[in-house]
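Colleague: Next comes target-v4.txt, compact mmCIF, N, CA and C atoms:
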# COMPACT_ATOMS: atom_id res chain seq x y z
N MET A 500 -85.27 -32.97 15.99
CA MET A 500 -84.37 -34.08 15.82
C MET A 500 -85.18 -35.33 15.58
N LEU A 501 -84.70 -36.13 14.70
CA LEU A 501 -85.36 -37.38 14.38
C LEU A 501 -84.38 -38.51 14.63
N PHE A 502 -84.76 -39.44 15.46
CA PHE A 502 -83.93 -40.60 15.74
C PHE A 502 -84.48 -41.76 14.95
N ALA A 503 -83.59 -42.51 14.29
CA ALA A 503 -83.94 -43.55 13.32
C ALA A 503 -84.58 -42.88 12.12
N PRO A 504 -83.79 -42.19 11.32
CA PRO A 504 -84.31 -41.41 10.19
C PRO A 504 -85.22 -42.22 9.27
N GLU A 505 -86.35 -41.66 8.96
CA GLU A 505 -87.34 -42.32 8.11
C GLU A 505 -87.31 -41.66 6.73
N LYS A 506 -87.12 -42.46 5.70
CA LYS A 506 -87.09 -41.92 4.34
C LYS A 506 -88.41 -41.24 3.97
N ALA A 507 -89.50 -41.72 4.53
CA ALA A 507 -90.81 -41.15 4.21
C ALA A 507 -90.93 -39.70 4.69
N LEU A 508 -90.13 -39.30 5.68
CA LEU A 508 -90.20 -37.94 6.19
C LEU A 508 -89.24 -36.98 5.49
N ALA A 509 -88.39 -37.48 4.65
CA ALA A 509 -87.40 -36.63 3.96
C ALA A 509 -88.04 -35.45 3.22
N PRO A 510 -89.13 -35.64 2.47
CA PRO A 510 -89.74 -34.49 1.78
C PRO A 510 -90.18 -33.38 2.74
N SER A 511 -90.65 -33.74 3.94
CA SER A 511 -91.07 -32.72 4.91
C SER A 511 -89.90 -31.86 5.33
N GLY A 512 -88.75 -32.49 5.58
CA GLY A 512 -87.57 -31.74 5.97
C GLY A 512 -87.05 -30.84 4.88
N GLN A 513 -87.27 -31.22 3.63
CA GLN A 513 -86.79 -30.43 2.51
C GLN A 513 -87.68 -29.22 2.23
N THR A 514 -88.97 -29.32 2.52
CA THR A 514 -89.88 -28.23 2.22
C THR A 514 -90.08 -27.28 3.40
N ALA A 515 -89.78 -27.72 4.60
CA ALA A 515 -89.93 -26.85 5.78
C ALA A 515 -88.66 -26.02 5.94
N THR A 516 -88.62 -24.86 5.30
CA THR A 516 -87.39 -24.06 5.25
C THR A 516 -86.99 -23.50 6.61
N SER A 517 -87.92 -23.32 7.54
CA SER A 517 -87.58 -22.79 8.85
C SER A 517 -87.19 -23.89 9.84
N LEU A 518 -87.19 -25.11 9.39
CA LEU A 518 -86.89 -26.26 10.25
C LEU A 518 -85.43 -26.67 10.07
N ARG A 519 -84.72 -26.77 11.18
CA ARG A 519 -83.38 -27.34 11.17
C ARG A 519 -83.51 -28.76 11.71
N ALA A 520 -83.41 -29.73 10.85
CA ALA A 520 -83.60 -31.12 11.26
C ALA A 520 -82.24 -31.81 11.35
N TYR A 521 -82.08 -32.61 12.39
CA TYR A 521 -80.87 -33.39 12.58
C TYR A 521 -81.28 -34.86 12.68
N GLU A 522 -81.21 -35.55 11.56
CA GLU A 522 -81.50 -36.98 11.58
C GLU A 522 -80.33 -37.65 12.28
N THR A 523 -80.63 -38.42 13.30
CA THR A 523 -79.60 -39.00 14.16
C THR A 523 -79.80 -40.50 14.23
N ASP A 524 -78.70 -41.23 14.06
CA ASP A 524 -78.79 -42.69 14.09
C ASP A 524 -77.41 -43.23 14.46
N LEU A 525 -77.38 -44.43 14.96
CA LEU A 525 -76.13 -45.10 15.29
C LEU A 525 -75.58 -45.87 14.09
N GLU A 526 -76.44 -46.10 13.12
CA GLU A 526 -76.08 -46.90 11.94
C GLU A 526 -75.72 -45.98 10.77
N PRO A 527 -74.44 -45.95 10.35
CA PRO A 527 -74.04 -45.05 9.27
C PRO A 527 -74.68 -45.36 7.92
N SER A 528 -75.07 -46.60 7.68
CA SER A 528 -75.65 -46.95 6.37
C SER A 528 -77.01 -46.30 6.13
N ARG A 529 -77.63 -45.79 7.18
CA ARG A 529 -78.93 -45.11 7.02
C ARG A 529 -78.76 -43.65 6.62
N GLY A 530 -77.52 -43.19 6.60
CA GLY A 530 -77.24 -41.82 6.15
C GLY A 530 -77.68 -40.72 7.08
N PRO A 531 -77.50 -40.88 8.39
CA PRO A 531 -77.92 -39.80 9.29
C PRO A 531 -77.02 -38.57 9.17
N ALA A 532 -77.55 -37.43 9.50
CA ALA A 532 -76.74 -36.21 9.56
C ALA A 532 -75.80 -36.27 10.75
N VAL A 533 -76.25 -36.90 11.85
CA VAL A 533 -75.45 -37.03 13.06
C VAL A 533 -75.38 -38.50 13.43
N LEU A 534 -74.17 -39.02 13.49
CA LEU A 534 -73.94 -40.40 13.90
C LEU A 534 -73.75 -40.40 15.41
N ALA A 535 -74.72 -40.93 16.15
CA ALA A 535 -74.66 -40.85 17.61
C ALA A 535 -75.51 -41.93 18.25
N ASP A 536 -75.14 -42.25 19.46
CA ASP A 536 -75.87 -43.19 20.31
C ASP A 536 -76.88 -42.38 21.12
N VAL A 537 -78.12 -42.77 21.09
CA VAL A 537 -79.17 -42.02 21.79
C VAL A 537 -78.97 -42.04 23.31
N MET A 538 -78.14 -42.95 23.80
CA MET A 538 -77.85 -42.98 25.23
C MET A 538 -76.75 -41.99 25.62
N ARG A 539 -76.05 -41.43 24.63
CA ARG A 539 -74.96 -40.46 24.87
C ARG A 539 -74.96 -39.45 23.72
N LEU A 540 -75.87 -38.52 23.77
CA LEU A 540 -76.05 -37.58 22.66
C LEU A 540 -75.00 -36.47 22.67
N PRO A 541 -74.51 -36.08 21.50
CA PRO A 541 -73.49 -35.04 21.40
C PRO A 541 -74.05 -33.62 21.32
N PHE A 542 -75.21 -33.39 21.91
CA PHE A 542 -75.87 -32.10 21.84
C PHE A 542 -75.88 -31.43 23.20
N ALA A 543 -75.93 -30.11 23.19
CA ALA A 543 -76.07 -29.34 24.43
C ALA A 543 -77.45 -29.61 25.03
N SER A 544 -77.60 -29.29 26.28
CA SER A 544 -78.88 -29.45 26.96
C SER A 544 -79.87 -28.39 26.49
N GLU A 545 -81.13 -28.78 26.46
CA GLU A 545 -82.26 -27.90 26.18
C GLU A 545 -82.13 -27.12 24.86
N ILE A 546 -81.82 -27.83 23.78
CA ILE A 546 -81.71 -27.15 22.48
C ILE A 546 -82.81 -27.53 21.50
N ALA A 547 -83.51 -28.63 21.76
CA ALA A 547 -84.48 -29.14 20.78
C ALA A 547 -85.90 -28.72 21.14
N ASP A 548 -86.61 -28.22 20.13
CA ASP A 548 -88.01 -27.88 20.31
C ASP A 548 -88.91 -29.10 20.07
N PHE A 549 -88.45 -29.98 19.19
CA PHE A 549 -89.26 -31.15 18.83
C PHE A 549 -88.33 -32.32 18.56
N MET A 550 -88.68 -33.47 19.10
CA MET A 550 -87.90 -34.69 18.87
C MET A 550 -88.86 -35.85 18.65
N TRP A 551 -88.47 -36.70 17.71
CA TRP A 551 -89.24 -37.93 17.48
C TRP A 551 -88.26 -39.09 17.51
N CYS A 552 -88.50 -40.00 18.42
CA CYS A 552 -87.66 -41.19 18.58
C CYS A 552 -88.51 -42.38 18.13
N HIS A 553 -88.22 -42.87 16.93
CA HIS A 553 -89.08 -43.85 16.27
C HIS A 553 -88.48 -45.26 16.29
N HIS A 554 -89.07 -46.14 17.07
CA HIS A 554 -88.66 -47.54 17.17
C HIS A 554 -87.17 -47.71 17.43
N VAL A 555 -86.69 -46.94 18.40
CA VAL A 555 -85.29 -47.01 18.81
C VAL A 555 -85.17 -47.64 20.20
N LEU A 556 -86.09 -47.31 21.08
CA LEU A 556 -85.97 -47.74 22.47
C LEU A 556 -86.04 -49.26 22.64
N GLU A 557 -86.62 -49.94 21.67
CA GLU A 557 -86.66 -51.40 21.72
C GLU A 557 -85.27 -52.00 21.53
N GLN A 558 -84.37 -51.24 20.92
CA GLN A 558 -83.07 -51.78 20.51
C GLN A 558 -81.89 -51.31 21.35
N VAL A 559 -82.04 -50.29 22.14
CA VAL A 559 -80.90 -49.78 22.91
C VAL A 559 -80.68 -50.60 24.16
N GLY A 560 -79.45 -50.56 24.66
CA GLY A 560 -79.11 -51.31 25.86
C GLY A 560 -79.91 -50.88 27.08
N ASP A 561 -80.06 -49.58 27.28
CA ASP A 561 -80.75 -49.05 28.45
C ASP A 561 -81.73 -47.96 28.00
N TYR A 562 -82.98 -48.32 27.83
CA TYR A 562 -83.95 -47.35 27.31
C TYR A 562 -84.23 -46.22 28.29
N ARG A 563 -84.06 -46.47 29.58
CA ARG A 563 -84.26 -45.40 30.57
C ARG A 563 -83.17 -44.33 30.43
N LEU A 564 -81.95 -44.77 30.19
CA LEU A 564 -80.85 -43.83 29.95
C LEU A 564 -81.11 -43.03 28.67
N ALA A 565 -81.60 -43.70 27.62
CA ALA A 565 -81.93 -43.01 26.37
C ALA A 565 -83.03 -41.97 26.60
N LEU A 566 -84.06 -42.31 27.35
CA LEU A 566 -85.12 -41.34 27.64
C LEU A 566 -84.59 -40.16 28.42
N ALA A 567 -83.69 -40.41 29.36
CA ALA A 567 -83.10 -39.32 30.13
C ALA A 567 -82.30 -38.38 29.22
N GLU A 568 -81.57 -38.94 28.25
CA GLU A 568 -80.81 -38.12 27.31
C GLU A 568 -81.75 -37.31 26.42
N LEU A 569 -82.82 -37.92 25.95
CA LEU A 569 -83.78 -37.19 25.12
C LEU A 569 -84.36 -36.01 25.90
N HIS A 570 -84.70 -36.25 27.15
CA HIS A 570 -85.25 -35.16 27.98
C HIS A 570 -84.20 -34.10 28.29
N ARG A 571 -82.95 -34.48 28.41
CA ARG A 571 -81.88 -33.50 28.66
C ARG A 571 -81.75 -32.53 27.47
N VAL A 572 -81.84 -33.06 26.27
CA VAL A 572 -81.65 -32.25 25.06
C VAL A 572 -82.90 -31.42 24.73
N LEU A 573 -84.05 -31.89 25.15
CA LEU A 573 -85.32 -31.23 24.87
C LEU A 573 -85.48 -29.96 25.72
N ARG A 574 -86.02 -28.90 25.12
CA ARG A 574 -86.31 -27.68 25.89
C ARG A 574 -87.34 -28.03 26.97
N SER A 575 -87.01 -27.67 28.21
CA SER A 575 -87.86 -28.08 29.34
C SER A 575 -89.19 -27.34 29.39
N THR A 576 -89.25 -26.14 28.87
CA THR A 576 -90.50 -25.38 28.97
C THR A 576 -91.40 -25.48 27.75
N SER A 577 -90.82 -25.78 26.58
CA SER A 577 -91.64 -25.76 25.37
C SER A 577 -91.40 -26.93 24.43
N GLY A 578 -90.49 -27.82 24.77
CA GLY A 578 -90.16 -28.91 23.86
C GLY A 578 -91.20 -30.01 23.84
N GLU A 579 -91.28 -30.68 22.70
CA GLU A 579 -92.19 -31.81 22.55
C GLU A 579 -91.40 -33.03 22.10
N LEU A 580 -91.73 -34.16 22.70
CA LEU A 580 -91.07 -35.42 22.39
C LEU A 580 -92.13 -36.45 22.02
N ILE A 581 -91.95 -37.08 20.89
CA ILE A 581 -92.81 -38.20 20.49
C ILE A 581 -91.93 -39.44 20.51
N VAL A 582 -92.39 -40.45 21.21
CA VAL A 582 -91.69 -41.72 21.28
C VAL A 582 -92.61 -42.78 20.69
N SER A 583 -92.14 -43.44 19.64
CA SER A 583 -92.89 -44.55 19.03
C SER A 583 -92.18 -45.84 19.40
N VAL A 584 -92.92 -46.76 19.99
CA VAL A 584 -92.35 -48.07 20.32
C VAL A 584 -93.33 -49.15 19.89
N GLY A 585 -92.78 -50.29 19.52
CA GLY A 585 -93.62 -51.45 19.27
C GLY A 585 -93.95 -52.09 20.59
N SER A 586 -95.12 -52.59 20.72
CA SER A 586 -95.48 -53.21 22.00
C SER A 586 -96.05 -54.59 21.77
N GLY A 587 -95.77 -55.43 22.74
CA GLY A 587 -96.33 -56.78 22.71
C GLY A 587 -97.71 -56.78 23.35
N LYS A 588 -98.26 -57.93 23.52
CA LYS A 588 -99.60 -58.04 24.07
C LYS A 588 -99.60 -58.25 25.58
N SER A 589 -98.42 -58.31 26.17
CA SER A 589 -98.34 -58.58 27.61
C SER A 589 -98.50 -57.29 28.41
N GLU A 590 -98.79 -57.46 29.67
CA GLU A 590 -98.92 -56.32 30.58
C GLU A 590 -97.56 -55.73 30.91
N MET A 591 -96.55 -56.59 31.02
CA MET A 591 -95.22 -56.16 31.43
C MET A 591 -94.25 -56.21 30.24
N THR A 592 -93.30 -55.29 30.23
CA THR A 592 -92.26 -55.29 29.21
C THR A 592 -91.41 -56.55 29.35
N LEU A 593 -91.14 -57.18 28.23
CA LEU A 593 -90.33 -58.39 28.21
C LEU A 593 -88.92 -58.02 27.77
N GLU A 594 -87.94 -58.22 28.65
CA GLU A 594 -86.53 -57.97 28.34
C GLU A 594 -85.92 -59.28 27.88
N PHE A 595 -85.31 -59.28 26.69
CA PHE A 595 -84.72 -60.50 26.15
C PHE A 595 -83.33 -60.77 26.70
N GLY A 596 -82.59 -59.71 27.05
CA GLY A 596 -81.23 -59.87 27.52
C GLY A 596 -80.21 -59.96 26.40
N PHE A 597 -80.67 -59.81 25.16
CA PHE A 597 -79.79 -59.83 23.98
C PHE A 597 -80.54 -59.18 22.83
N ALA A 598 -79.81 -58.89 21.75
CA ALA A 598 -80.43 -58.32 20.56
C ALA A 598 -81.02 -59.47 19.75
N ASN A 599 -82.32 -59.59 19.75
CA ASN A 599 -83.04 -60.68 19.09
C ASN A 599 -83.09 -60.44 17.58
N LYS A 600 -82.28 -61.18 16.83
CA LYS A 600 -82.22 -61.01 15.37
C LYS A 600 -83.58 -61.26 14.70
N ALA A 601 -84.37 -62.15 15.26
CA ALA A 601 -85.69 -62.45 14.70
C ALA A 601 -86.65 -61.27 14.84
N LEU A 602 -86.33 -60.34 15.73
CA LEU A 602 -87.17 -59.16 15.95
C LEU A 602 -86.39 -57.89 15.63
N SER A 603 -85.68 -57.88 14.52
CA SER A 603 -84.93 -56.71 14.03
C SER A 603 -83.90 -56.20 15.02
N GLY A 604 -83.37 -57.08 15.85
CA GLY A 604 -82.37 -56.68 16.83
C GLY A 604 -82.94 -56.09 18.11
N ASN A 605 -84.24 -56.20 18.30
CA ASN A 605 -84.85 -55.66 19.51
C ASN A 605 -84.34 -56.39 20.75
N ARG A 606 -84.14 -55.62 21.81
CA ARG A 606 -83.71 -56.16 23.09
C ARG A 606 -84.88 -56.36 24.04
N ARG A 607 -86.04 -55.85 23.64
CA ARG A 607 -87.22 -55.95 24.50
C ARG A 607 -88.48 -55.80 23.67
N ALA A 608 -89.58 -56.24 24.24
CA ALA A 608 -90.91 -55.98 23.69
C ALA A 608 -91.67 -55.25 24.79
N PHE A 609 -91.98 -54.01 24.53
CA PHE A 609 -92.67 -53.22 25.54
C PHE A 609 -94.07 -53.75 25.77
N GLY A 610 -94.48 -53.69 27.02
CA GLY A 610 -95.82 -54.10 27.39
C GLY A 610 -96.65 -52.89 27.76
N ALA A 611 -97.80 -53.14 28.34
CA ALA A 611 -98.70 -52.05 28.74
C ALA A 611 -98.10 -51.19 29.85
N ASP A 612 -97.02 -51.64 30.47
CA ASP A 612 -96.38 -50.86 31.53
C ASP A 612 -95.52 -49.72 31.02
N PHE A 613 -95.30 -49.64 29.67
CA PHE A 613 -94.49 -48.53 29.13
C PHE A 613 -95.26 -47.24 29.35
N PRO A 614 -94.57 -46.20 29.86
CA PRO A 614 -95.27 -44.93 30.12
C PRO A 614 -95.93 -44.35 28.87
N ARG A 615 -97.13 -43.85 29.04
CA ARG A 615 -97.88 -43.26 27.92
C ARG A 615 -97.90 -41.76 27.98
N ASP A 616 -97.31 -41.15 29.00
CA ASP A 616 -97.33 -39.68 29.08
C ASP A 616 -95.94 -39.11 29.16
Take the structure in the file and write it out as C-alpha cells.
Modeller:
Amino acid sequence: MLFAPEKALAPSGQTATSLRAYETDLEPSRGPAVLADVMRLPFASEIADFMWCHHVLEQVGDYRLALAELHRVLRSTSGELIVSVGSGKSEMTLEFGFANKALSGNRRAFGADFPRD
C-alpha cells in the first residue's frame, strides 16, 4: 500500500505483475485507488506485506493514531513499513495547531524526537 500516491512510482506498479498495489489518499484529485483517511483505514487487520507512508504524517490531525492504523493493517510477523517525514532542525517536534498553508498544509514539523525505528 502506498499512502500519498507518487506519480514517479507508477511505472513500478505497472511492471510488477505479482504486486497488488493500493494507492491510498484522502484527496480524490490525486487519483488514488482507495479514497481513505490514514487514521481510519478501510482494510482488514494484518493484510499488508509492505506499506510506504510518504509525507502524510505531517498533515494528519493525529499522527500517532495514523501510525497505529498502519501497524494494524501491516502483517505483524513479516510486514514492512516505510515512513517518510520531513523534519525540521529542532530537537522536538513542533505542533502548529492548524494546517499551515505556507508548509503545504502541514500541521507539524517533526524534530529529532520522531521515532527512527
Colleague: What is the distance between atom C of Cys552 of chain A and atom N of Leu564 of chain A, in Å to one decimal?
Modeller: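 Calculated distance between atom C of Cys552 of chain A and atom N of Leu564 of chain A is 13.9 Å.
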Colleague: So, with only C-alpha atoms as the atoms that count, which of A:Ala611, A:Ile546, A:Glu568, A:Leu525 lies closest to Lys588 of chain A?
Modeller: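 Residue with the minimum atom-to-atom distance to Lys588 of chain A: A:Ala611.
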Colleague: Would you mind writing down, as a ChimeraX atom specification, each residue of segment 523-597 of chain A that DSSP on the backbone assigns to alpha helix (DSSP H)?
Modeller: /A:562-572
Colleague: Identify which of the residues A:Gln558, A:Ser603, A:Ser544, A:Thr523 lies closest to Arg571 of chain A, counting only C-alpha atoms when measuring atom-to-atom distances.
Modeller: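 So, comparing all the options, the nearest one is A:Ser544.
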Colleague: Any idea what the distance is between atom CA of Phe542 of chain A and atom C of Phe597 of chain A?
Modeller: 27.5 Å
Colleague: If you count all atoms listed in the file, which residues fall within 7 Å of Ser586 of chain A, apart from same-chain ones fewer than 4 positions away, as a ChimeraX atom specification?
Modeller: /A:608-611
Colleague: Neighbourhood query: residues within 6 Å of (-78.9, -44.7, 19.7), file coordinates, counting only C-alpha atoms; return as a PyMOL selection string.
Modeller: chain A and resi 524-525+536-538
Colleague: Can I get the selected residues back with N, CA and C atoms, as an mmCIF file, in the frame of the given file?
Modeller:
data_model
loop_
_atom_site.group_PDB
_atom_site.id
_atom_site.type_symbol
_atom_site.label_atom_id
_atom_site.label_comp_id
_atom_site.auth_asym_id
_atom_site.auth_seq_id
_atom_site.Cartn_x
_atom_site.Cartn_y
_atom_site.Cartn_z
ATOM 1 N N ASP A 524 -78.700 -41.230 14.060
ATOM 2 C CA ASP A 524 -78.790 -42.690 14.090
ATOM 3 C C ASP A 524 -77.410 -43.230 14.460
ATOM 4 N N LEU A 525 -77.380 -44.430 14.960
ATOM 5 C CA LEU A 525 -76.130 -45.100 15.290
ATOM 6 C C LEU A 525 -75.580 -45.870 14.090
ATOM 7 N N ASP A 536 -75.140 -42.250 19.460
ATOM 8 C CA ASP A 536 -75.870 -43.190 20.310
ATOM 9 C C ASP A 536 -76.880 -42.380 21.120
ATOM 10 N N VAL A 537 -78.120 -42.770 21.090
ATOM 11 C CA VAL A 537 -79.170 -42.020 21.790
ATOM 12 C C VAL A 537 -78.970 -42.040 23.310
ATOM 13 N N MET A 538 -78.140 -42.950 23.800
ATOM 14 C CA MET A 538 -77.850 -42.980 25.230
ATOM 15 C C MET A 538 -76.750 -41.990 25.620
#
Colleague: For atom N of Arg539 of chain A and atom CA of Ala567 of chain A, quote the distance in Å rounded to one decimal.
Modeller: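 Separation of atom N of Arg539 of chain A and atom CA of Ala567 of chain A: 9.2 Å.
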Colleague: Using all atoms of segment 544-551 of chain A listed in the file and a margin of 5 Å per side, can you give the axis-aligned box centre and edge lengths in Å to one decimal, as JSON?
Modeller:
{"center_x": -83.4, "center_y": -33.1, "center_z": 22.2, "size_x": 21.7, "size_y": 22.0, "size_z": 19.5}
Colleague: Once DSSP has gone over the backbone, tell me which residues of chain A are in strand (DSSP E or B), as a tab-separated table (two decimals) with N, CA and C atoms, in the coordinates of the input.
Modeller:
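Wrote it out as result-v3.tsv, contents follow:
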chain	number	residue	atom	x	y	z
A	501	LEU	N	-84.70	-36.13	14.70
A	501	LEU	CA	-85.36	-37.38	14.38
A	501	LEU	C	-84.38	-38.51	14.63
A	502	PHE	N	-84.76	-39.44	15.46
A	502	PHE	CA	-83.93	-40.60	15.74
A	502	PHE	C	-84.48	-41.76	14.95
A	522	GLU	N	-81.21	-35.55	11.56
A	522	GLU	CA	-81.50	-36.98	11.58
A	522	GLU	C	-80.33	-37.65	12.28
A	523	THR	N	-80.63	-38.42	13.30
A	523	THR	CA	-79.60	-39.00	14.16
A	523	THR	C	-79.80	-40.50	14.23
A	524	ASP	N	-78.70	-41.23	14.06
A	524	ASP	CA	-78.79	-42.69	14.09
A	524	ASP	C	-77.41	-43.23	14.46
A	533	VAL	N	-76.25	-36.90	11.85
A	533	VAL	CA	-75.45	-37.03	13.06
A	533	VAL	C	-75.38	-38.50	13.43
A	534	LEU	N	-74.17	-39.02	13.49
A	534	LEU	CA	-73.94	-40.40	13.90
A	534	LEU	C	-73.75	-40.40	15.41
A	536	ASP	N	-75.14	-42.25	19.46
A	536	ASP	CA	-75.87	-43.19	20.31
A	536	ASP	C	-76.88	-42.38	21.12
A	539	ARG	N	-76.05	-41.43	24.63
A	539	ARG	CA	-74.96	-40.46	24.87
A	539	ARG	C	-74.96	-39.45	23.72
A	547	ALA	N	-83.51	-28.63	21.76
A	547	ALA	CA	-84.48	-29.14	20.78
A	547	ALA	C	-85.90	-28.72	21.14
A	549	PHE	N	-88.45	-29.98	19.19
A	549	PHE	CA	-89.26	-31.15	18.83
A	549	PHE	C	-88.33	-32.32	18.56
A	550	MET	N	-88.68	-33.47	19.10
A	550	MET	CA	-87.90	-34.69	18.87
A	550	MET	C	-88.86	-35.85	18.65
A	551	TRP	N	-88.47	-36.70	17.71
A	551	TRP	CA	-89.24	-37.93	17.48
A	551	TRP	C	-88.26	-39.09	17.51
A	552	CYS	N	-88.50	-40.00	18.42
A	552	CYS	CA	-87.66	-41.19	18.58
A	552	CYS	C	-88.51	-42.38	18.13
A	553	HIS	N	-88.22	-42.87	16.93
A	553	HIS	CA	-89.08	-43.85	16.27
A	553	HIS	C	-88.48	-45.26	16.29
A	573	LEU	N	-84.05	-31.89	25.15
A	573	LEU	CA	-85.32	-31.23	24.87
A	573	LEU	C	-85.48	-29.96	25.72
A	579	GLU	N	-91.28	-30.68	22.70
A	579	GLU	CA	-92.19	-31.81	22.55
A	579	GLU	C	-91.40	-33.03	22.10
A	580	LEU	N	-91.73	-34.16	22.70
A	580	LEU	CA	-91.07	-35.42	22.39
A	580	LEU	C	-92.13	-36.45	22.02
A	581	ILE	N	-91.95	-37.08	20.89
A	581	ILE	CA	-92.81	-38.20	20.49
A	581	ILE	C	-91.93	-39.44	20.51
A	582	VAL	N	-92.39	-40.45	21.21
A	582	VAL	CA	-91.69	-41.72	21.28
A	582	VAL	C	-92.61	-42.78	20.69
A	583	SER	N	-92.14	-43.44	19.64
A	583	SER	CA	-92.89	-44.55	19.03
A	583	SER	C	-92.18	-45.84	19.40
A	586	SER	N	-95.12	-52.59	20.72
A	586	SER	CA	-95.48	-53.21	22.00
A	586	SER	C	-96.05	-54.59	21.77
A	593	LEU	N	-91.14	-57.18	28.23
A	593	LEU	CA	-90.33	-58.39	28.21
A	593	LEU	C	-88.92	-58.02	27.77
A	594	GLU	N	-87.94	-58.22	28.65
A	594	GLU	CA	-86.53	-57.97	28.34
A	594	GLU	C	-85.92	-59.28	27.88
A	595	PHE	N	-85.31	-59.28	26.69
A	595	PHE	CA	-84.72	-60.50	26.15
A	595	PHE	C	-83.33	-60.77	26.70
A	596	GLY	N	-82.59	-59.71	27.05
A	596	GLY	CA	-81.23	-59.87	27.52
A	596	GLY	C	-80.21	-59.96	26.40
A	597	PHE	N	-80.67	-59.81	25.16
A	597	PHE	CA	-79.79	-59.83	23.98
A	597	PHE	C	-80.54	-59.18	22.83
A	598	ALA	N	-79.81	-58.89	21.75
A	598	ALA	CA	-80.43	-58.32	20.56
A	598	ALA	C	-81.02	-59.47	19.75
A	599	ASN	N	-82.32	-59.59	19.75
A	599	ASN	CA	-83.04	-60.68	19.09
A	599	ASN	C	-83.09	-60.44	17.58
A	605	ASN	N	-84.24	-56.20	18.30
A	605	ASN	CA	-84.85	-55.66	19.51
A	605	ASN	C	-84.34	-56.39	20.75
A	606	ARG	N	-84.14	-55.62	21.81
A	606	ARG	CA	-83.71	-56.16	23.09
A	606	ARG	C	-84.88	-56.36	24.04
A	607	ARG	N	-86.04	-55.85	23.64
A	607	ARG	CA	-87.22	-55.95	24.50
A	607	ARG	C	-88.48	-55.80	23.67
A	608	ALA	N	-89.58	-56.24	24.24
A	608	ALA	CA	-90.91	-55.98	23.69
A	608	ALA	C	-91.67	-55.25	24.79
A	609	PHE	N	-91.98	-54.01	24.53
A	609	PHE	CA	-92.67	-53.22	25.54
A	609	PHE	C	-94.07	-53.75	25.77
Colleague: Hey, which of A:Met591, A:Ala520, A:Val572, A:Val559 ends up closest to Asn605 of chain A? Count only C-alpha atoms.
Modeller: A:Val559
Colleague: Taking only C-alpha atoms into account, name the residue in A:Val533, A:Leu573, A:Leu556, A:Val582 that is nearest to Arg606 of chain A.
Modeller: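 Closest to Arg606 of chain A, using only C-alpha atoms: A:Leu556.
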Colleague: With distances taken over all atoms listed in the file, which residue among A:Pro527, A:Thr592, A:Ala598, A:Ser583 lies nearest Trp551 of chain A?
Modeller: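 Of the candidates, the smallest distance to Trp551 of chain A is held by A:Ser583.
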